[in-house]
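Each remark here refers to the structure printed beneath this line.
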Protein chains: 2
Amino acid sequence: MLHMLKLSKKAEYALISLQHIASLDDQAPASAREIAEHYNIPPDILGKVMQALTRAEIVESIQGAKGGYRLRRSLADMVLGEVLEAVDGPVHVAPCTGDHYSCDQELACNIKQPISRLQAHLQNFVFSLSLETLAQCKDGRFHLKVPTLSEDNGYVLFEEEE
Amino acid sequence: MLHMLKLSKKAEYALISLQHIASLDDQAPASAREIAEHYNIPPDILGKVMQALTRAEIVESIQGAKGGYRLRRSLADMVLGEVLEAVDGPVHVAPCTGDHYSCDQELACNIKQPISRLQAHLQNFVFSLSLETLAQCKDGRFHLKVPTLSEDNGYVLFEEEE
DNA sequence: GGATATAGGACTAAAAAAGTCGCATTTCGG
DNA sequence: CCGAAATGCGACTTTTTTAGTCCTATATCC
């Protein structure tokens, strides 16, 4: 399986949990343990994932007995990118698209700029896609709109206006 | 660095090599050794990468002394997805989007369909993007066209026609 | 005060990616 | 024909990353 485009387990757990919490009409917060049991997720790991989501201000945590997690915003106001960054760190296609990079190909590299554009495109994608939109895919009749801008249905370039 | 969206070294090497070969006006094939030296890539690894590209019928190999590799098609007729698959195997967002999967969350999973759609979208992307289009990003004035279909510049859903 | 939570550091285990080695085969050129 | 230079490829090791475990501290409810 190709690792580019692959979700980490932590990312999966985060998406499952957020979806789960959103589906509760409950006022009571959902505990990591109850989510972990429901979806057969290792409880310790899920704890860490929820803590990461808390630090990223995606959920709020209530400590102590009867504690747990609540969403801080609706799924419509959460984008895939922030969830991925919260649990796995910054999103980069290649090290050279980050700030402090070093790469053996750096000097002669002939693909740096294209890679940067790819990075920008994918970053734009994950930071534009709300979890609500993503969740609506579930009934199978909806698709993510794909840009079909040229006749052959491929991606195209456009020139920047100056 | 987030691994979703991250290119493997092998994928980078493949893209560098294809770009390099395409830039030669030479009739003579380019050897793995000379590419490896030019871009500071471990020669053994590059050999494997080129062999994978050969098996995928993206390049043709010429054996023996003065041998090497030539493109079988122009960059315009090569898409990112086939290069990624050639060197890293099938592209999947999560195991459950493949044929033979097993996952501990399978029974209760609440994100399977959304993940499948995400998979389909990204797969469509990488299999629509030609290396030529990607390469044209290099002068910094061109961008990959991003679908801006709703006012807030986000991705949207559309309903399937039946 | 005890049960049940979150918070989080330190650690181990497992899996995947990256790189190395060795050898067979092909072909060019002297 | 022989040697140099190339691809082809299996087996292996190393390194890095991901995944998971363990332990302890702290907060809150009853």
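By convention here, the chains of the structure tokens are called A, B, ... in the order presented, each chain's residues are numbered starting at 1, and ligands are numbered starting at 1 in the order presented.
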Next item on the list: Pull out every residue of chain C that has at least one atom within 10 Å of chain B, counting only C-alpha atoms (C1' of nucleotides), and report them as a list in words.
Entry: DA17, DA18, DG19, DT20, DC21, DT25, DT26, DT27, DC28 and DG29 of chain C
Margin query: So that I can check the secondary structure, give me every residue of range 35-98 of chain B assigned strand (DSSP E or B) by backbone DSSP, as a ChimeraX atom specification.
Written below: /B:59-62,68-71,79,91
Can those selected residues be exported to a file as a short mmCIF file (atom, residue, chain, number, x, y, z; two decimals), in the first residue's frame so that it contains C-alpha atoms?
data_model
loop_
_atom_site.label_atom_id
_atom_site.label_comp_id
_atom_site.auth_asym_id
_atom_site.auth_seq_id
_atom_site.Cartn_x
_atom_site.Cartn_y
_atom_site.Cartn_z
CA VAL B 59 10.49 3.46 -19.46
CA GLU B 60 12.25 0.96 -21.69
CA SER B 61 15.56 -0.52 -20.68
CA ILE B 62 18.52 -1.20 -22.92
CA GLY B 68 20.30 2.51 -19.87
CA TYR B 69 16.76 3.80 -19.89
CA ARG B 70 14.56 5.74 -22.27
CA LEU B 71 11.03 7.05 -21.84
CA VAL B 79 0.39 10.45 -14.80
CA VAL B 91 -2.50 3.75 -3.67
#
Got a sec to align chain A on chain B by every in-order Cα pair and hand back the fitted coordinates as a PDB file with C-alpha atoms, in the first residue's frame?
ATOM      1  CA  MET A   1       5.906  15.451   9.181  1.00  0.00           C
ATOM      2  CA  LEU A   2       2.588  13.954   8.256  1.00  0.00           C
ATOM      3  CA  HIS A   3       2.876  10.753   6.328  1.00  0.00           C
ATOM      4  CA  MET A   4      -0.395  11.089   4.508  1.00  0.00           C
ATOM      5  CA  LEU A   5       0.572  13.098   1.432  1.00  0.00           C
ATOM      6  CA  LYS A   6       4.262  12.375   1.817  1.00  0.00           C
ATOM      7  CA  LEU A   7       6.228  11.076  -1.147  1.00  0.00           C
ATOM      8  CA  SER A   8       8.517   8.122  -0.534  1.00  0.00           C
ATOM      9  CA  LYS A   9      12.166   8.456  -1.456  1.00  0.00           C
ATOM     10  CA  LYS A  10      11.617   5.961  -4.248  1.00  0.00           C
ATOM     11  CA  ALA A  11       8.832   8.117  -5.653  1.00  0.00           C
ATOM     12  CA  GLU A  12      11.071  11.170  -5.509  1.00  0.00           C
ATOM     13  CA  TYR A  13      13.868   9.315  -7.245  1.00  0.00           C
ATOM     14  CA  ALA A  14      11.475   8.154  -9.948  1.00  0.00           C
ATOM     15  CA  LEU A  15      10.174  11.662 -10.601  1.00  0.00           C
ATOM     16  CA  ILE A  16      13.673  13.100 -10.682  1.00  0.00           C
ATOM     17  CA  SER A  17      14.815  10.427 -13.115  1.00  0.00           C
ATOM     18  CA  LEU A  18      11.864  10.749 -15.457  1.00  0.00           C
ATOM     19  CA  GLN A  19      12.242  14.513 -15.473  1.00  0.00           C
ATOM     20  CA  HIS A  20      15.938  14.121 -16.130  1.00  0.00           C
ATOM     21  CA  ILE A  21      15.550  11.675 -18.997  1.00  0.00           C
ATOM     22  CA  ALA A  22      12.866  13.864 -20.568  1.00  0.00           C
ATOM     23  CA  SER A  23      15.216  16.836 -20.457  1.00  0.00           C
ATOM     24  CA  LEU A  24      17.843  15.052 -22.550  1.00  0.00           C
ATOM     25  CA  ASP A  25      17.714  15.704 -26.272  1.00  0.00           C
ATOM     26  CA  ASP A  26      20.070  12.776 -26.488  1.00  0.00           C
ATOM     27  CA  GLN A  27      19.330   9.609 -28.437  1.00  0.00           C
ATOM     28  CA  ALA A  28      21.489   7.567 -26.070  1.00  0.00           C
ATOM     29  CA  PRO A  29      19.737   6.020 -23.097  1.00  0.00           C
ATOM     30  CA  ALA A  30      20.530   7.376 -19.637  1.00  0.00           C
ATOM     31  CA  SER A  31      22.119   4.891 -17.242  1.00  0.00           C
ATOM     32  CA  ALA A  32      21.056   4.545 -13.644  1.00  0.00           C
ATOM     33  CA  ARG A  33      24.606   5.248 -12.546  1.00  0.00           C
ATOM     34  CA  GLU A  34      24.846   8.567 -14.352  1.00  0.00           C
ATOM     35  CA  ILE A  35      21.486   9.719 -12.998  1.00  0.00           C
ATOM     36  CA  ALA A  36      22.434   8.578  -9.512  1.00  0.00           C
ATOM     37  CA  GLU A  37      25.687  10.519  -9.637  1.00  0.00           C
ATOM     38  CA  HIS A  38      24.060  13.640 -11.018  1.00  0.00           C
ATOM     39  CA  TYR A  39      21.436  13.783  -8.271  1.00  0.00           C
ATOM     40  CA  ASN A  40      23.356  12.147  -5.455  1.00  0.00           C
ATOM     41  CA  ILE A  41      21.062   9.138  -5.228  1.00  0.00           C
ATOM     42  CA  PRO A  42      22.247   5.733  -3.897  1.00  0.00           C
ATOM     43  CA  PRO A  43      22.968   3.849  -7.157  1.00  0.00           C
ATOM     44  CA  ASP A  44      21.563   0.482  -6.045  1.00  0.00           C
ATOM     45  CA  ILE A  45      18.290   2.028  -5.033  1.00  0.00           C
ATOM     46  CA  LEU A  46      17.980   3.926  -8.246  1.00  0.00           C
ATOM     47  CA  GLY A  47      18.567   0.686 -10.115  1.00  0.00           C
ATOM     48  CA  LYS A  48      15.572  -0.839  -8.379  1.00  0.00           C
ATOM     49  CA  VAL A  49      13.459   2.212  -9.022  1.00  0.00           C
ATOM     50  CA  MET A  50      14.283   2.170 -12.728  1.00  0.00           C
ATOM     51  CA  GLN A  51      13.568  -1.535 -12.875  1.00  0.00           C
ATOM     52  CA  ALA A  52      10.166  -0.904 -11.351  1.00  0.00           C
ATOM     53  CA  LEU A  53       9.481   1.800 -13.921  1.00  0.00           C
ATOM     54  CA  THR A  54      10.524  -0.646 -16.622  1.00  0.00           C
ATOM     55  CA  ARG A  55       8.133  -3.328 -15.362  1.00  0.00           C
ATOM     56  CA  ALA A  56       5.381  -0.715 -15.323  1.00  0.00           C
ATOM     57  CA  GLU A  57       6.200   0.054 -18.965  1.00  0.00           C
ATOM     58  CA  ILE A  58       6.900   3.671 -18.175  1.00  0.00           C
ATOM     59  CA  VAL A  59      10.468   3.455 -19.449  1.00  0.00           C
ATOM     60  CA  GLU A  60      12.225   0.974 -21.674  1.00  0.00           C
ATOM     61  CA  SER A  61      15.540  -0.497 -20.663  1.00  0.00           C
ATOM     62  CA  ILE A  62      18.509  -1.183 -22.908  1.00  0.00           C
ATOM     63  CA  GLN A  63      20.792  -3.799 -21.442  1.00  0.00           C
ATOM     64  CA  GLY A  64      24.521  -4.157 -21.671  1.00  0.00           C
ATOM     65  CA  ALA A  65      27.286  -1.600 -22.002  1.00  0.00           C
ATOM     66  CA  LYS A  66      25.996   1.731 -23.352  1.00  0.00           C
ATOM     67  CA  GLY A  67      22.643   0.595 -22.067  1.00  0.00           C
ATOM     68  CA  GLY A  68      20.271   2.533 -19.867  1.00  0.00           C
ATOM     69  CA  TYR A  69      16.722   3.808 -19.872  1.00  0.00           C
ATOM     70  CA  ARG A  70      14.533   5.741 -22.283  1.00  0.00           C
ATOM     71  CA  LEU A  71      11.010   7.039 -21.837  1.00  0.00           C
ATOM     72  CA  ARG A  72       8.325   4.984 -23.542  1.00  0.00           C
ATOM     73  CA  ARG A  73       5.988   7.958 -23.700  1.00  0.00           C
ATOM     74  CA  SER A  74       6.176  11.690 -23.273  1.00  0.00           C
ATOM     75  CA  LEU A  75       5.643  13.228 -19.838  1.00  0.00           C
ATOM     76  CA  ALA A  76       2.262  14.428 -21.106  1.00  0.00           C
ATOM     77  CA  ASP A  77       1.183  10.801 -21.338  1.00  0.00           C
ATOM     78  CA  MET A  78       2.412   9.799 -17.903  1.00  0.00           C
ATOM     79  CA  VAL A  79       0.392  10.442 -14.795  1.00  0.00           C
ATOM     80  CA  LEU A  80       1.640  10.807 -11.255  1.00  0.00           C
ATOM     81  CA  GLY A  81      -0.479   7.887 -10.043  1.00  0.00           C
ATOM     82  CA  GLU A  82       1.115   5.300 -12.262  1.00  0.00           C
ATOM     83  CA  VAL A  83       4.582   6.368 -11.203  1.00  0.00           C
ATOM     84  CA  LEU A  84       3.625   6.125  -7.538  1.00  0.00           C
ATOM     85  CA  GLU A  85       2.059   2.713  -8.019  1.00  0.00           C
ATOM     86  CA  ALA A  86       5.028   1.499 -10.033  1.00  0.00           C
ATOM     87  CA  VAL A  87       7.495   2.177  -7.247  1.00  0.00           C
ATOM     88  CA  ASP A  88       5.388   1.903  -4.083  1.00  0.00           C
ATOM     89  CA  GLY A  89       2.447  -0.308  -4.962  1.00  0.00           C
ATOM     90  CA  PRO A  90      -1.278   0.398  -4.955  1.00  0.00           C
ATOM     91  CA  VAL A  91      -2.522   3.739  -3.671  1.00  0.00           C
ATOM     92  CA  HIS A  92      -4.845   3.430  -0.693  1.00  0.00           C
ATOM     93  CA  VAL A  93      -5.953   5.917   1.907  1.00  0.00           C
ATOM     94  CA  ALA A  94      -6.763   3.118   4.341  1.00  0.00           C
ATOM     95  CA  PRO A  95      -6.566  -0.679   4.218  1.00  0.00           C
ATOM     96  CA  CYS A  96     -10.344  -0.934   3.973  1.00  0.00           C
ATOM     97  CA  THR A  97     -10.361   0.702   0.552  1.00  0.00           C
ATOM     98  CA  GLY A  98      -8.428  -2.240  -0.851  1.00  0.00           C
ATOM     99  CA  ASP A  99      -9.655  -5.686  -1.742  1.00  0.00           C
ATOM    100  CA  HIS A 100      -8.364  -7.888   1.030  1.00  0.00           C
ATOM    101  CA  TYR A 101      -8.550  -5.921   4.167  1.00  0.00           C
ATOM    102  CA  SER A 102      -8.983  -6.442   7.817  1.00  0.00           C
ATOM    103  CA  CYS A 103      -9.193  -3.738  10.398  1.00  0.00           C
ATOM    104  CA  ASP A 104     -10.078  -3.802  14.074  1.00  0.00           C
ATOM    105  CA  GLN A 105     -12.659  -1.077  13.554  1.00  0.00           C
ATOM    106  CA  GLU A 106     -14.358  -2.842  10.685  1.00  0.00           C
ATOM    107  CA  LEU A 107     -17.512  -3.909  12.502  1.00  0.00           C
ATOM    108  CA  ALA A 108     -18.469  -0.605  14.058  1.00  0.00           C
ATOM    109  CA  CYS A 109     -16.612   1.744  11.713  1.00  0.00           C
ATOM    110  CA  ASN A 110     -18.437   5.012  11.191  1.00  0.00           C
ATOM    111  CA  ILE A 111     -16.085   6.507   8.611  1.00  0.00           C
ATOM    112  CA  LYS A 112     -15.696   3.762   6.047  1.00  0.00           C
ATOM    113  CA  GLN A 113     -17.752   5.374   3.289  1.00  0.00           C
ATOM    114  CA  PRO A 114     -16.278   8.859   3.750  1.00  0.00           C
ATOM    115  CA  ILE A 115     -12.813   7.335   3.664  1.00  0.00           C
ATOM    116  CA  SER A 116     -13.689   5.524   0.465  1.00  0.00           C
ATOM    117  CA  ARG A 117     -14.768   8.784  -1.114  1.00  0.00           C
ATOM    118  CA  LEU A 118     -11.627  10.501   0.022  1.00  0.00           C
ATOM    119  CA  GLN A 119      -9.705   7.634  -1.504  1.00  0.00           C
ATOM    120  CA  ALA A 120     -11.590   7.956  -4.794  1.00  0.00           C
ATOM    121  CA  HIS A 121     -11.004  11.678  -4.917  1.00  0.00           C
ATOM    122  CA  LEU A 122      -7.302  11.499  -4.273  1.00  0.00           C
ATOM    123  CA  GLN A 123      -6.897   8.576  -6.621  1.00  0.00           C
ATOM    124  CA  ASN A 124      -8.670  10.569  -9.302  1.00  0.00           C
ATOM    125  CA  PHE A 125      -6.285  13.411  -8.610  1.00  0.00           C
ATOM    126  CA  VAL A 126      -3.044  11.491  -8.924  1.00  0.00           C
ATOM    127  CA  PHE A 127      -4.278   9.602 -11.964  1.00  0.00           C
ATOM    128  CA  SER A 128      -5.375  12.797 -13.698  1.00  0.00           C
ATOM    129  CA  LEU A 129      -2.224  14.757 -13.129  1.00  0.00           C
ATOM    130  CA  SER A 130       0.336  14.298 -15.896  1.00  0.00           C
ATOM    131  CA  LEU A 131       4.016  14.737 -15.200  1.00  0.00           C
ATOM    132  CA  GLU A 132       4.081  17.386 -17.888  1.00  0.00           C
ATOM    133  CA  THR A 133       1.475  19.431 -16.074  1.00  0.00           C
ATOM    134  CA  LEU A 134       3.304  18.900 -12.839  1.00  0.00           C
ATOM    135  CA  ALA A 135       6.617  19.935 -14.373  1.00  0.00           C
ATOM    136  CA  GLN A 136       5.157  23.151 -15.744  1.00  0.00           C
ATOM    137  CA  CYS A 137       4.738  24.309 -12.178  1.00  0.00           C
ATOM    138  CA  LYS A 138       8.433  24.902 -12.066  1.00  0.00           C
ATOM    139  CA  ASP A 139       8.636  28.553 -13.013  1.00  0.00           C
ATOM    140  CA  GLY A 140       6.499  29.619 -10.089  1.00  0.00           C
ATOM    141  CA  ARG A 141       3.916  31.496 -12.121  1.00  0.00           C
ATOM    142  CA  PHE A 142       1.714  28.464 -12.625  1.00  0.00           C
ATOM    143  CA  HIS A 143      -0.490  26.728 -10.149  1.00  0.00           C
ATOM    144  CA  LEU A 144      -2.505  23.583 -10.168  1.00  0.00           C
ATOM    145  CA  LYS A 145      -6.069  24.628 -10.688  1.00  0.00           C
ATOM    146  CA  VAL A 146      -7.955  24.083  -7.515  1.00  0.00           C
ATOM    147  CA  PRO A 147     -11.684  23.544  -7.613  1.00  0.00           C
ATOM    148  CA  THR A 148     -13.308  26.656  -6.225  1.00  0.00           C
ATOM    149  CA  LEU A 149     -16.903  25.673  -6.471  1.00  0.00           C
ATOM    150  CA  SER A 150     -18.492  27.261  -3.465  1.00  0.00           C
ATOM    151  CA  GLU A 151     -18.224  30.814  -2.238  1.00  0.00           C
ATOM    152  CA  ASP A 152     -16.047  29.975   0.718  1.00  0.00           C
ATOM    153  CA  ASN A 153     -13.485  28.359  -1.550  1.00  0.00           C
ATOM    154  CA  GLY A 154     -14.042  24.957   0.021  1.00  0.00           C
ATOM    155  CA  TYR A 155     -14.689  21.594  -1.466  1.00  0.00           C
ATOM    156  CA  VAL A 156     -18.323  20.755  -1.921  1.00  0.00           C
ATOM    157  CA  LEU A 157     -20.451  17.765  -2.671  1.00  0.00           C
ATOM    158  CA  PHE A 158     -22.563  17.243  -5.720  1.00  0.00           C
ATOM    159  CA  GLU A 159     -25.307  14.772  -6.137  1.00  0.00           C
ATOM    160  CA  GLU A 160     -24.878  11.927  -8.518  1.00  0.00           C
ATOM    161  CA  GLU A 161     -27.188  11.962 -11.535  1.00  0.00           C
ATOM    162  CA  GLU A 162     -29.062   8.746 -12.021  1.00  0.00           C
TER     163      GLU A 162
END
Next item on the list: Do me a favour and pick out the residues of chain D within 7 Å of chain B, using only C-alpha atoms (C1' of nucleotides), as a PyMOL selection string.
Entry: chain D and resi 5-7
Write the selection just made, keeping C-alpha atoms (C1' of nucleotides), as a PDB file, in the first residue's frame?
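Writing the result to result29.pdb gives the following:
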ATOM      1  C1'  DA D   5      29.740  -1.552 -18.122  1.00  0.00           C
ATOM      2  C1'  DA D   6      25.205  -1.989 -17.954  1.00  0.00           C
ATOM      3  C1'  DT D   7      20.383  -4.071 -16.348  1.00  0.00           C
TER       4       DT D   7
END
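Separating C1' of DG20 in chain D from C1' of DA15 in chain C is a distance of 12.1 Å.
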Next item on the list: Please give the complete set of residues from range 44-125 of chain B that DSSP, run on the backbone, assigns to alpha helix (DSSP H), formatted as a ChimeraX atom specification.
Entry: /B:44-55,80-88,112-125
Item checked: Selection near DG22 in chain C, 12 Å with only C-alpha atoms (C1' of nucleotides), sequence-local residues under 3 positions removed, as a ChimeraX atom specification -> /B:44 /D:9-12
